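**Student:** Below is the file my_file_26.txt, with compact mmCIF, N, CA and C atoms.
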```txt
# COMPACT_ATOMS: atom_id res chain seq x y z
N MET A 1 -135.76 -4.02 167.07
CA MET A 1 -136.76 -4.44 168.03
C MET A 1 -138.16 -4.13 167.51
N ALA A 2 -138.31 -2.96 166.91
CA ALA A 2 -139.63 -2.57 166.41
C ALA A 2 -140.07 -3.52 165.30
N SER A 3 -139.14 -3.95 164.46
CA SER A 3 -139.52 -4.84 163.37
C SER A 3 -139.93 -6.22 163.90
N ILE A 4 -139.30 -6.66 164.97
CA ILE A 4 -139.69 -7.94 165.57
C ILE A 4 -141.09 -7.83 166.16
N ARG A 5 -141.36 -6.71 166.82
CA ARG A 5 -142.69 -6.50 167.40
C ARG A 5 -143.75 -6.46 166.30
N LYS A 6 -143.45 -5.76 165.22
CA LYS A 6 -144.41 -5.67 164.11
C LYS A 6 -144.64 -7.04 163.48
N LYS A 7 -143.58 -7.82 163.37
CA LYS A 7 -143.73 -9.16 162.79
C LYS A 7 -144.62 -10.02 163.67
N LYS A 8 -144.43 -9.93 164.99
CA LYS A 8 -145.28 -10.70 165.90
C LYS A 8 -146.73 -10.22 165.83
N GLU A 9 -146.91 -8.91 165.72
CA GLU A 9 -148.27 -8.38 165.57
C GLU A 9 -148.90 -8.90 164.29
N TRP A 10 -148.13 -8.93 163.22
CA TRP A 10 -148.61 -9.42 161.92
C TRP A 10 -149.02 -10.88 162.04
N GLU A 11 -148.16 -11.70 162.67
CA GLU A 11 -148.49 -13.11 162.83
C GLU A 11 -149.75 -13.30 163.66
N GLN A 12 -149.88 -12.48 164.69
CA GLN A 12 -151.07 -12.56 165.54
C GLN A 12 -152.33 -12.17 164.75
N GLN A 13 -152.20 -11.15 163.89
CA GLN A 13 -153.33 -10.69 163.09
C GLN A 13 -153.74 -11.76 162.08
N GLN A 14 -152.78 -12.51 161.58
CA GLN A 14 -153.08 -13.50 160.56
C GLN A 14 -153.83 -14.71 161.13
N LYS A 15 -153.65 -14.97 162.41
CA LYS A 15 -154.34 -16.10 163.02
C LYS A 15 -155.81 -15.75 163.22
N PRO A 16 -156.70 -16.67 162.91
CA PRO A 16 -158.11 -16.41 163.19
C PRO A 16 -158.30 -16.26 164.70
N ALA A 17 -159.27 -15.49 165.06
CA ALA A 17 -159.55 -15.24 166.47
C ALA A 17 -159.86 -16.55 167.18
N GLU A 18 -159.34 -16.69 168.40
CA GLU A 18 -159.56 -17.91 169.15
C GLU A 18 -161.02 -18.07 169.56
N LYS A 19 -161.69 -16.96 169.75
CA LYS A 19 -163.08 -16.98 170.16
C LYS A 19 -163.97 -16.74 168.95
N GLU A 20 -163.84 -17.58 167.94
CA GLU A 20 -164.58 -17.37 166.71
C GLU A 20 -166.08 -17.37 166.92
N GLY A 21 -166.54 -18.12 167.88
CA GLY A 21 -167.97 -18.18 168.13
C GLY A 21 -168.53 -16.84 168.57
N GLU A 22 -167.72 -16.03 169.25
CA GLU A 22 -168.18 -14.75 169.75
C GLU A 22 -168.05 -13.64 168.71
N LEU A 23 -167.12 -13.76 167.79
CA LEU A 23 -166.89 -12.72 166.80
C LEU A 23 -167.66 -13.01 165.52
N ALA A 24 -168.04 -11.94 164.86
CA ALA A 24 -168.81 -12.07 163.62
C ALA A 24 -167.96 -12.70 162.52
N ASN A 25 -168.62 -13.40 161.66
CA ASN A 25 -167.98 -14.06 160.54
C ASN A 25 -168.89 -13.93 159.32
N ASP A 26 -169.34 -12.70 159.05
CA ASP A 26 -170.30 -12.45 157.98
C ASP A 26 -169.68 -12.66 156.60
N PRO A 27 -170.43 -13.22 155.67
CA PRO A 27 -169.92 -13.32 154.30
C PRO A 27 -169.86 -11.94 153.66
N PHE A 28 -168.99 -11.79 152.68
CA PHE A 28 -168.85 -10.51 152.00
C PHE A 28 -168.64 -10.76 150.52
N THR A 29 -168.92 -9.74 149.73
CA THR A 29 -168.81 -9.86 148.27
C THR A 29 -167.50 -9.26 147.78
N GLN A 30 -167.18 -9.55 146.54
CA GLN A 30 -165.98 -8.98 145.91
C GLN A 30 -166.10 -7.45 145.86
N GLU A 31 -167.29 -6.96 145.58
CA GLU A 31 -167.50 -5.50 145.51
C GLU A 31 -167.24 -4.84 146.85
N GLN A 32 -167.74 -5.45 147.93
CA GLN A 32 -167.52 -4.89 149.27
C GLN A 32 -166.02 -4.89 149.60
N LEU A 33 -165.35 -5.98 149.27
CA LEU A 33 -163.92 -6.07 149.51
C LEU A 33 -163.18 -4.96 148.77
N GLU A 34 -163.48 -4.81 147.49
CA GLU A 34 -162.81 -3.78 146.69
C GLU A 34 -163.11 -2.38 147.20
N GLN A 35 -164.32 -2.17 147.71
CA GLN A 35 -164.69 -0.86 148.25
C GLN A 35 -163.79 -0.51 149.45
N TYR A 36 -163.63 -1.42 150.40
CA TYR A 36 -162.79 -1.15 151.57
C TYR A 36 -161.32 -1.08 151.20
N TRP A 37 -160.92 -1.89 150.22
CA TRP A 37 -159.54 -1.88 149.75
C TRP A 37 -159.22 -0.50 149.17
N LYS A 38 -160.14 0.01 148.35
CA LYS A 38 -159.92 1.31 147.72
C LYS A 38 -159.94 2.45 148.75
N LYS A 39 -160.82 2.36 149.75
CA LYS A 39 -160.85 3.38 150.80
C LYS A 39 -159.52 3.45 151.53
N TRP A 40 -158.93 2.30 151.82
CA TRP A 40 -157.64 2.27 152.51
C TRP A 40 -156.57 2.90 151.62
N GLN A 41 -156.60 2.57 150.36
CA GLN A 41 -155.64 3.13 149.41
C GLN A 41 -155.78 4.65 149.34
N GLU A 42 -157.01 5.14 149.34
CA GLU A 42 -157.26 6.58 149.30
C GLU A 42 -156.78 7.26 150.58
N GLN A 43 -156.95 6.59 151.72
CA GLN A 43 -156.45 7.14 152.99
C GLN A 43 -154.93 7.27 152.95
N LYS A 44 -154.28 6.29 152.38
CA LYS A 44 -152.81 6.34 152.28
C LYS A 44 -152.38 7.48 151.35
N THR A 45 -153.13 7.71 150.30
CA THR A 45 -152.83 8.80 149.39
C THR A 45 -152.99 10.14 150.10
N GLU A 46 -154.07 10.29 150.87
CA GLU A 46 -154.31 11.53 151.60
C GLU A 46 -153.22 11.78 152.64
N LYS A 47 -152.69 10.73 153.23
CA LYS A 47 -151.62 10.86 154.23
C LYS A 47 -150.25 10.99 153.57
N ARG A 48 -150.25 11.05 152.26
CA ARG A 48 -149.02 11.17 151.46
C ARG A 48 -148.09 9.98 151.62
N GLU A 49 -148.68 8.83 151.81
CA GLU A 49 -147.92 7.59 151.87
C GLU A 49 -148.08 6.92 150.50
N GLN A 50 -147.46 7.54 149.50
CA GLN A 50 -147.65 7.13 148.11
C GLN A 50 -147.18 5.71 147.84
N ASN A 51 -146.09 5.30 148.48
CA ASN A 51 -145.58 3.95 148.24
C ASN A 51 -146.62 2.91 148.64
N LEU A 52 -147.19 3.07 149.83
CA LEU A 52 -148.22 2.12 150.27
C LEU A 52 -149.47 2.21 149.41
N ALA A 53 -149.85 3.43 149.06
CA ALA A 53 -151.03 3.60 148.21
C ALA A 53 -150.84 2.87 146.88
N SER A 54 -149.65 2.98 146.31
CA SER A 54 -149.42 2.31 145.02
C SER A 54 -149.39 0.79 145.18
N LEU A 55 -148.93 0.29 146.33
CA LEU A 55 -148.95 -1.16 146.57
C LEU A 55 -150.37 -1.70 146.59
N PHE A 56 -151.31 -0.89 147.08
CA PHE A 56 -152.70 -1.33 147.13
C PHE A 56 -153.38 -1.20 145.76
N GLN A 57 -152.69 -0.63 144.79
CA GLN A 57 -153.25 -0.48 143.45
C GLN A 57 -152.63 -1.46 142.45
N LEU A 58 -151.66 -2.23 142.87
CA LEU A 58 -150.95 -3.11 141.93
C LEU A 58 -151.84 -4.13 141.25
N SER A 59 -152.78 -4.67 141.98
CA SER A 59 -153.71 -5.65 141.40
C SER A 59 -155.00 -5.63 142.20
N GLN A 60 -155.90 -6.50 141.85
CA GLN A 60 -157.19 -6.57 142.54
C GLN A 60 -157.15 -7.71 143.56
N PRO A 61 -157.65 -7.46 144.77
CA PRO A 61 -157.75 -8.56 145.73
C PRO A 61 -158.82 -9.54 145.26
N LYS A 62 -158.61 -10.81 145.54
CA LYS A 62 -159.56 -11.84 145.12
C LYS A 62 -159.97 -12.67 146.32
N ILE A 63 -161.25 -12.98 146.39
CA ILE A 63 -161.75 -13.84 147.45
C ILE A 63 -161.50 -15.28 147.03
N ILE A 64 -160.73 -16.01 147.84
CA ILE A 64 -160.43 -17.40 147.56
C ILE A 64 -161.49 -18.31 148.17
N ASN A 65 -161.80 -18.06 149.43
CA ASN A 65 -162.91 -18.74 150.09
C ASN A 65 -163.55 -17.74 151.04
N GLU A 66 -164.46 -18.16 151.86
CA GLU A 66 -165.24 -17.21 152.65
C GLU A 66 -164.41 -16.33 153.58
N ASN A 67 -163.20 -16.75 153.95
CA ASN A 67 -162.39 -15.96 154.88
C ASN A 67 -160.98 -15.67 154.37
N THR A 68 -160.67 -16.04 153.15
CA THR A 68 -159.32 -15.85 152.64
C THR A 68 -159.32 -14.95 151.41
N ILE A 69 -158.44 -13.98 151.45
CA ILE A 69 -158.26 -13.04 150.34
C ILE A 69 -156.86 -13.25 149.79
N GLU A 70 -156.75 -13.25 148.48
CA GLU A 70 -155.44 -13.38 147.84
C GLU A 70 -155.13 -12.08 147.11
N TYR A 71 -153.88 -11.65 147.23
CA TYR A 71 -153.43 -10.43 146.56
C TYR A 71 -152.08 -10.72 145.91
N THR A 72 -151.90 -10.30 144.68
CA THR A 72 -150.69 -10.59 143.93
C THR A 72 -149.85 -9.34 143.78
N VAL A 73 -148.55 -9.49 144.04
CA VAL A 73 -147.59 -8.40 143.88
C VAL A 73 -146.44 -8.87 142.99
N PRO A 74 -145.73 -7.95 142.35
CA PRO A 74 -144.68 -8.36 141.42
C PRO A 74 -143.34 -8.71 142.03
N SER A 75 -143.09 -8.37 143.31
CA SER A 75 -141.77 -8.66 143.87
C SER A 75 -141.86 -9.03 145.35
N PRO A 76 -140.86 -9.75 145.83
CA PRO A 76 -140.82 -10.11 147.25
C PRO A 76 -140.75 -8.88 148.16
N LEU A 77 -140.10 -7.82 147.71
CA LEU A 77 -140.03 -6.60 148.50
C LEU A 77 -141.42 -5.99 148.71
N ASN A 78 -142.23 -6.00 147.66
CA ASN A 78 -143.61 -5.52 147.78
C ASN A 78 -144.38 -6.35 148.79
N LYS A 79 -144.15 -7.64 148.79
CA LYS A 79 -144.83 -8.54 149.72
C LYS A 79 -144.48 -8.18 151.16
N VAL A 80 -143.21 -7.94 151.42
CA VAL A 80 -142.77 -7.60 152.78
C VAL A 80 -143.40 -6.29 153.23
N GLU A 81 -143.40 -5.30 152.36
CA GLU A 81 -143.98 -4.00 152.72
C GLU A 81 -145.47 -4.12 153.00
N LEU A 82 -146.17 -4.87 152.17
CA LEU A 82 -147.61 -5.05 152.39
C LEU A 82 -147.89 -5.79 153.69
N GLU A 83 -147.12 -6.81 153.97
CA GLU A 83 -147.35 -7.57 155.19
C GLU A 83 -147.14 -6.70 156.42
N ARG A 84 -146.21 -5.77 156.34
CA ARG A 84 -146.04 -4.81 157.45
C ARG A 84 -147.28 -3.94 157.60
N GLU A 85 -147.83 -3.52 156.50
CA GLU A 85 -149.01 -2.66 156.53
C GLU A 85 -150.25 -3.42 156.99
N PHE A 86 -150.29 -4.72 156.74
CA PHE A 86 -151.46 -5.50 157.11
C PHE A 86 -151.68 -5.56 158.62
N VAL A 87 -150.67 -5.25 159.40
CA VAL A 87 -150.84 -5.17 160.85
C VAL A 87 -151.94 -4.14 161.17
N TYR A 88 -151.99 -3.08 160.39
CA TYR A 88 -152.99 -2.02 160.59
C TYR A 88 -154.22 -2.23 159.71
N PHE A 89 -153.99 -2.80 158.52
CA PHE A 89 -155.08 -2.95 157.56
C PHE A 89 -156.06 -4.06 157.93
N LEU A 90 -155.54 -5.18 158.43
CA LEU A 90 -156.43 -6.30 158.75
C LEU A 90 -157.52 -5.95 159.76
N PRO A 91 -157.21 -5.28 160.87
CA PRO A 91 -158.30 -4.91 161.77
C PRO A 91 -159.33 -4.01 161.09
N TYR A 92 -158.86 -3.11 160.23
CA TYR A 92 -159.75 -2.21 159.50
C TYR A 92 -160.71 -2.98 158.60
N ILE A 93 -160.17 -3.90 157.82
CA ILE A 93 -161.02 -4.62 156.87
C ILE A 93 -161.91 -5.64 157.59
N ARG A 94 -161.39 -6.22 158.65
CA ARG A 94 -162.21 -7.18 159.41
C ARG A 94 -163.41 -6.48 160.02
N GLU A 95 -163.17 -5.31 160.58
CA GLU A 95 -164.28 -4.55 161.18
C GLU A 95 -165.24 -4.07 160.11
N GLY A 96 -164.70 -3.55 159.01
CA GLY A 96 -165.54 -3.03 157.94
C GLY A 96 -166.43 -4.08 157.31
N LEU A 97 -165.88 -5.27 157.11
CA LEU A 97 -166.65 -6.35 156.48
C LEU A 97 -167.35 -7.23 157.51
N ASN A 98 -167.13 -6.93 158.78
CA ASN A 98 -167.74 -7.67 159.90
C ASN A 98 -167.44 -9.16 159.80
N ASN A 99 -166.16 -9.44 159.50
CA ASN A 99 -165.70 -10.82 159.42
C ASN A 99 -164.31 -10.85 160.06
N TYR A 100 -164.24 -11.39 161.27
CA TYR A 100 -163.00 -11.36 162.03
C TYR A 100 -162.11 -12.57 161.80
N ALA A 101 -162.46 -13.38 160.83
CA ALA A 101 -161.63 -14.54 160.48
C ALA A 101 -160.89 -14.31 159.18
N ILE A 102 -160.98 -13.12 158.62
CA ILE A 102 -160.33 -12.82 157.33
C ILE A 102 -158.82 -12.97 157.45
N GLN A 103 -158.25 -13.61 156.45
CA GLN A 103 -156.81 -13.72 156.30
C GLN A 103 -156.45 -13.26 154.89
N ILE A 104 -155.28 -12.65 154.77
CA ILE A 104 -154.83 -12.21 153.45
C ILE A 104 -153.54 -12.94 153.11
N LYS A 105 -153.54 -13.57 151.96
CA LYS A 105 -152.35 -14.26 151.47
C LYS A 105 -151.79 -13.46 150.30
N VAL A 106 -150.54 -13.08 150.41
CA VAL A 106 -149.88 -12.31 149.37
C VAL A 106 -149.05 -13.25 148.52
N GLN A 107 -149.30 -13.24 147.22
CA GLN A 107 -148.57 -14.07 146.26
C GLN A 107 -147.62 -13.19 145.46
N VAL A 108 -146.42 -13.69 145.21
CA VAL A 108 -145.46 -12.96 144.39
C VAL A 108 -145.50 -13.56 143.00
N LYS A 109 -145.78 -12.72 142.02
CA LYS A 109 -145.80 -13.16 140.62
C LYS A 109 -144.83 -12.27 139.87
N GLU A 110 -143.61 -12.77 139.74
CA GLU A 110 -142.59 -11.97 139.07
C GLU A 110 -142.86 -11.97 137.58
N THR A 111 -142.74 -10.81 136.98
CA THR A 111 -142.99 -10.68 135.54
C THR A 111 -141.73 -11.01 134.76
N GLU A 112 -141.94 -11.42 133.56
CA GLU A 112 -140.80 -11.73 132.70
C GLU A 112 -140.08 -10.44 132.33
N GLU A 113 -138.78 -10.56 132.15
CA GLU A 113 -138.02 -9.40 131.70
C GLU A 113 -138.37 -9.13 130.25
N LYS A 114 -138.42 -7.86 129.92
CA LYS A 114 -138.71 -7.50 128.53
C LYS A 114 -137.48 -7.75 127.68
N ASN A 115 -137.73 -8.30 126.51
CA ASN A 115 -136.65 -8.49 125.55
C ASN A 115 -136.49 -7.21 124.76
N PHE A 116 -135.31 -6.66 124.83
CA PHE A 116 -135.06 -5.43 124.09
C PHE A 116 -134.55 -5.77 122.69
N ILE A 117 -134.96 -4.96 121.74
CA ILE A 117 -134.60 -5.18 120.35
C ILE A 117 -133.54 -4.13 119.99
N TYR A 118 -132.36 -4.63 119.58
CA TYR A 118 -131.26 -3.72 119.31
C TYR A 118 -130.87 -3.66 117.84
N THR A 119 -130.69 -4.80 117.22
CA THR A 119 -130.18 -4.82 115.85
C THR A 119 -131.31 -4.67 114.84
N PRO A 120 -130.96 -4.26 113.62
CA PRO A 120 -131.98 -4.15 112.56
C PRO A 120 -132.66 -5.49 112.26
N GLU A 121 -131.92 -6.60 112.35
CA GLU A 121 -132.50 -7.91 112.10
C GLU A 121 -133.55 -8.24 113.17
N GLU A 122 -133.23 -7.93 114.41
CA GLU A 122 -134.17 -8.18 115.50
C GLU A 122 -135.43 -7.33 115.33
N LYS A 123 -135.24 -6.08 114.90
CA LYS A 123 -136.39 -5.20 114.68
C LYS A 123 -137.27 -5.73 113.55
N TYR A 124 -136.62 -6.16 112.46
CA TYR A 124 -137.36 -6.69 111.33
C TYR A 124 -138.12 -7.96 111.73
N ASN A 125 -137.47 -8.86 112.46
CA ASN A 125 -138.13 -10.10 112.89
C ASN A 125 -139.31 -9.81 113.80
N ARG A 126 -139.17 -8.82 114.64
CA ARG A 126 -140.28 -8.46 115.53
C ARG A 126 -141.45 -7.90 114.71
N LEU A 127 -141.16 -7.04 113.73
CA LEU A 127 -142.21 -6.50 112.87
C LEU A 127 -142.88 -7.62 112.07
N ARG A 128 -142.09 -8.59 111.65
CA ARG A 128 -142.63 -9.72 110.89
C ARG A 128 -143.54 -10.58 111.77
N GLU A 129 -143.23 -10.68 113.07
CA GLU A 129 -144.12 -11.40 114.00
C GLU A 129 -145.46 -10.70 114.12
N ILE A 130 -145.39 -9.37 114.18
CA ILE A 130 -146.61 -8.58 114.33
C ILE A 130 -147.45 -8.63 113.07
N ASN A 131 -146.79 -8.47 111.89
CA ASN A 131 -147.50 -8.44 110.63
C ASN A 131 -146.68 -9.18 109.57
N PRO A 132 -147.04 -10.43 109.26
CA PRO A 132 -146.27 -11.21 108.29
C PRO A 132 -146.26 -10.60 106.89
N ALA A 133 -147.18 -9.72 106.58
CA ALA A 133 -147.23 -9.11 105.25
C ALA A 133 -146.04 -8.20 105.00
N ILE A 134 -145.32 -7.83 106.03
CA ILE A 134 -144.16 -6.95 105.85
C ILE A 134 -143.07 -7.66 105.06
N ASP A 135 -143.02 -8.98 105.15
CA ASP A 135 -142.03 -9.75 104.40
C ASP A 135 -142.30 -9.62 102.90
N GLU A 136 -143.56 -9.69 102.51
CA GLU A 136 -143.93 -9.53 101.10
C GLU A 136 -143.61 -8.12 100.61
N LEU A 137 -143.88 -7.12 101.46
CA LEU A 137 -143.58 -5.73 101.10
C LEU A 137 -142.08 -5.55 100.88
N ARG A 138 -141.27 -6.15 101.70
CA ARG A 138 -139.82 -6.05 101.56
C ARG A 138 -139.37 -6.66 100.23
N ARG A 139 -139.97 -7.79 99.86
CA ARG A 139 -139.60 -8.42 98.58
C ARG A 139 -140.04 -7.58 97.39
N LYS A 140 -141.26 -7.01 97.44
CA LYS A 140 -141.77 -6.20 96.33
C LYS A 140 -140.94 -4.95 96.13
N LEU A 141 -140.48 -4.37 97.21
CA LEU A 141 -139.67 -3.15 97.10
C LEU A 141 -138.18 -3.45 96.96
N ASP A 142 -137.85 -4.75 96.97
CA ASP A 142 -136.47 -5.19 96.80
C ASP A 142 -135.55 -4.51 97.83
N LEU A 143 -135.96 -4.63 99.10
CA LEU A 143 -135.18 -4.03 100.18
C LEU A 143 -134.24 -5.05 100.81
N ASP A 144 -133.10 -4.56 101.25
CA ASP A 144 -132.16 -5.41 101.97
C ASP A 144 -132.22 -5.09 103.45
N LEU A 145 -131.74 -6.02 104.21
CA LEU A 145 -131.67 -5.78 105.66
C LEU A 145 -130.34 -5.25 106.06
```
Once more with this new file: its structure as structure tokens, please.
**Tutor:**
Amino acid sequence: MASIRKKKEWEQQQKPAEKEGELANDPFTQEQLEQYWKKWQEQKTEKREQNLASLFQLSQPKIINENTIEYTVPSPLNKVELEREFVYFLPYIREGLNNYAIQIKVQVKETEEKNFIYTPEEKYNRLREINPAIDELRRKLDLDL
């Protein structure tokens, strides 16, 4: 039940205020955004909510247009956790930046898996990619793989 309530609160927070004419809609800079973003992250650190604090450090928020902020996370799980936190964060940032139409869009950008190098041939090929001169050194020293 609590998760349903939080989801509804989140959806309500994401919608621009119905009375936009009455609420402030001041423009803000990237620096101002980052300042409030960092303050929130520091508050989470002080409250020993390390998981949330680290989520706010994963990347830099970017202003897409005058009222939309984009934030990139590496996994769908991170996105869900952040969206839960935005129920509390959005009112904070809207008030701080004096812009009550702010919306935050979270993008998931999954990183490629790292290729692990196991065999001597794979290690040699990787070194050769980094520095092609290693091939000449191997020939001069008459080394085998």
**Student:** First collect every listed atom of region 67-85 of chain A; then fit an axis-aligned box around them, widen it by 8 Å on each side, and give centre and edge lengths in Å to one decimal, as lines of an AutoDock Vina configuration file.
**Tutor:**
```
center_x = -151.6
center_y = -9.7
center_z = 149.5
size_x = 39.2
size_y = 30.1
size_z = 32.2
```
**Student:** Mind checking which residues fall within 10 Å of Asp135 (chain A), counting only C-alpha atoms, ignoring those fewer than 6 positions away in the same chain, and posting them as a list in words?
**Tutor:** Tyr124, Asn125, Leu127, Arg128, Glu129 and Leu143 of chain A
**Student:** Provide the CA of Asn67 (chain A) to CA of Arg5 (chain A) distance in Å, to one decimal place.
**Tutor:**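 It comes out at 25.2 Å.
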**Student:** Mind pulling up the distance from CA of Asn99 (chain A) to CA of Ala24 (chain A)?
**Tutor:** 5.4 Å
**Student:** Which one is closest to Gln60 (chain A): A:Pro76, A:Glu34, A:Glu121, A:Lys44? Count all atoms listed in the file.
**Tutor:**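 Looking at the shortest contact to Gln60 (chain A), the residue is A:Glu34.
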**Student:** My list of candidates is A:Lys62, A:Glu42, A:Leu55, A:Thr72. Which is closest to Glu85 (chain A) when distances are computed with only C-alpha atoms?
**Tutor:**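 Looking at the shortest contact to Glu85 (chain A), the residue is A:Leu55.
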**Student:** Identify, with DSSP run on backbone atoms, the residues in region 4-141 of chain A assigned to helix (DSSP H, G or I), and express the list as a PyMOL selection string.
**Tutor:** chain A and resi 4-14+30-46+50-55+76-97+120-130+133-140
**Student:** For Asp26 (chain A), please output as a PyMOL selection string all residues within 7 Å (counting all atoms listed in the file; exclusion window: fewer than 5 positions along the same chain).
**Tutor:** chain A and resi 97-100
**Student:** Could you tell me how far CA of Lys109 (chain A) lies from CA of Pro74 (chain A), in Å and to one decimal?
**Tutor:**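 Between CA of Lys109 (chain A) and CA of Pro74 (chain A) the gap works out to 5.0 Å.
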**Student:** Given only N, CA and C atoms as the basis, pick out the residue of A:Ile117, A:Leu33, A:Ile102, A:Ile130 nearest to Pro61 (chain A).
**Tutor:** A:Leu33
**Student:** Taking the backbone alone, and naming residues the way the document does, which bits of region 62-105 of chain A are strand (DSSP E or B) by DSSP, as a PyMOL selection string?
**Tutor:** chain A and resi 62-65+68-73+99+103-105
**Student:** Between A:Ile4, A:Leu52, A:Ala101, A:Val106, which is the closest to Ser75 (chain A) once you count only C-alpha atoms?
**Tutor:** A:Val106
**Student:** So which one's closest to Glu66 (chain A), A:Asn25, A:Thr45, A:Thr119, A:Asn131? Using all atoms listed in the file, please.
**Tutor:**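 Checking each of A:Asn25, A:Thr45, A:Thr119, A:Asn131 against Glu66 (chain A), counting all atoms listed in the file, the winner is A:Asn25.
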**Student:** Please determine, counting only C-alpha atoms, which residue among A:Ile64, A:Gln50, A:Gln107, A:Gln41 has the shortest atom-to-atom distance to Asn78 (chain A).
**Tutor:**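 That would be A:Gln107, the residue with the smallest distance to Asn78 (chain A).
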**Student:** When you look at Trp37 (chain A) with a cut-off of 8 Å (counting only N, CA and C atoms), what residues show up, excluding the ones that are within fewer than 6 positions of it in the same chain? I need them as a count of residues only.
**Tutor:** 6
**Student:** Limit the output to N, CA and C atoms and give region 98-112 of chain A as an mmCIF file, in the first residue's frame.
**Tutor:**
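The resulting file, part_29.cif, is shown below:
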```
data_model
loop_
_atom_site.group_PDB
_atom_site.id
_atom_site.type_symbol
_atom_site.label_atom_id
_atom_site.label_comp_id
_atom_site.auth_asym_id
_atom_site.auth_seq_id
_atom_site.Cartn_x
_atom_site.Cartn_y
_atom_site.Cartn_z
ATOM 1 N N ASN A 98 13.046 28.097 -7.354
ATOM 2 C CA ASN A 98 11.866 28.953 -7.560
ATOM 3 C C ASN A 98 11.252 28.714 -8.940
ATOM 4 N N ASN A 99 11.145 27.418 -9.270
ATOM 5 C CA ASN A 99 10.537 27.018 -10.530
ATOM 6 C C ASN A 99 9.682 25.783 -10.238
ATOM 7 N N TYR A 100 8.376 25.978 -10.201
ATOM 8 C CA TYR A 100 7.471 24.907 -9.796
ATOM 9 C C TYR A 100 6.986 24.053 -10.961
ATOM 10 N N ALA A 101 7.558 24.247 -12.116
ATOM 11 C CA ALA A 101 7.212 23.430 -13.280
ATOM 12 C C ALA A 101 8.314 22.438 -13.611
ATOM 13 N N ILE A 102 9.331 22.357 -12.775
ATOM 14 C CA ILE A 102 10.467 21.458 -13.035
ATOM 15 C C ILE A 102 10.004 20.007 -13.061
ATOM 16 N N GLN A 103 10.499 19.295 -14.049
ATOM 17 C CA GLN A 103 10.307 17.856 -14.164
ATOM 18 C C GLN A 103 11.674 17.216 -14.334
ATOM 19 N N ILE A 104 11.816 16.013 -13.801
ATOM 20 C CA ILE A 104 13.079 15.291 -13.947
ATOM 21 C C ILE A 104 12.813 14.002 -14.702
ATOM 22 N N LYS A 105 13.557 13.811 -15.765
ATOM 23 C CA LYS A 105 13.459 12.584 -16.555
ATOM 24 C C LYS A 105 14.724 11.771 -16.313
ATOM 25 N N VAL A 106 14.544 10.542 -15.878
ATOM 26 C CA VAL A 106 15.670 9.663 -15.605
ATOM 27 C C VAL A 106 15.850 8.726 -16.789
ATOM 28 N N GLN A 107 17.047 8.723 -17.347
ATOM 29 C CA GLN A 107 17.396 7.868 -18.479
ATOM 30 C C GLN A 107 18.298 6.737 -17.991
ATOM 31 N N VAL A 108 18.066 5.541 -18.503
ATOM 32 C CA VAL A 108 18.914 4.400 -18.165
ATOM 33 C C VAL A 108 19.891 4.199 -19.310
ATOM 34 N N LYS A 109 21.167 4.242 -18.977
ATOM 35 C CA LYS A 109 22.219 4.018 -19.977
ATOM 36 C C LYS A 109 23.070 2.874 -19.459
ATOM 37 N N GLU A 110 22.735 1.687 -19.916
ATOM 38 C CA GLU A 110 23.467 0.515 -19.451
ATOM 39 C C GLU A 110 24.840 0.487 -20.103
ATOM 40 N N THR A 111 25.842 0.195 -19.304
ATOM 41 C CA THR A 111 27.212 0.161 -19.815
ATOM 42 C C THR A 111 27.512 -1.213 -20.397
ATOM 43 N N GLU A 112 28.439 -1.220 -21.298
ATOM 44 C CA GLU A 112 28.843 -2.481 -21.900
ATOM 45 C C GLU A 112 29.576 -3.326 -20.868
#
```
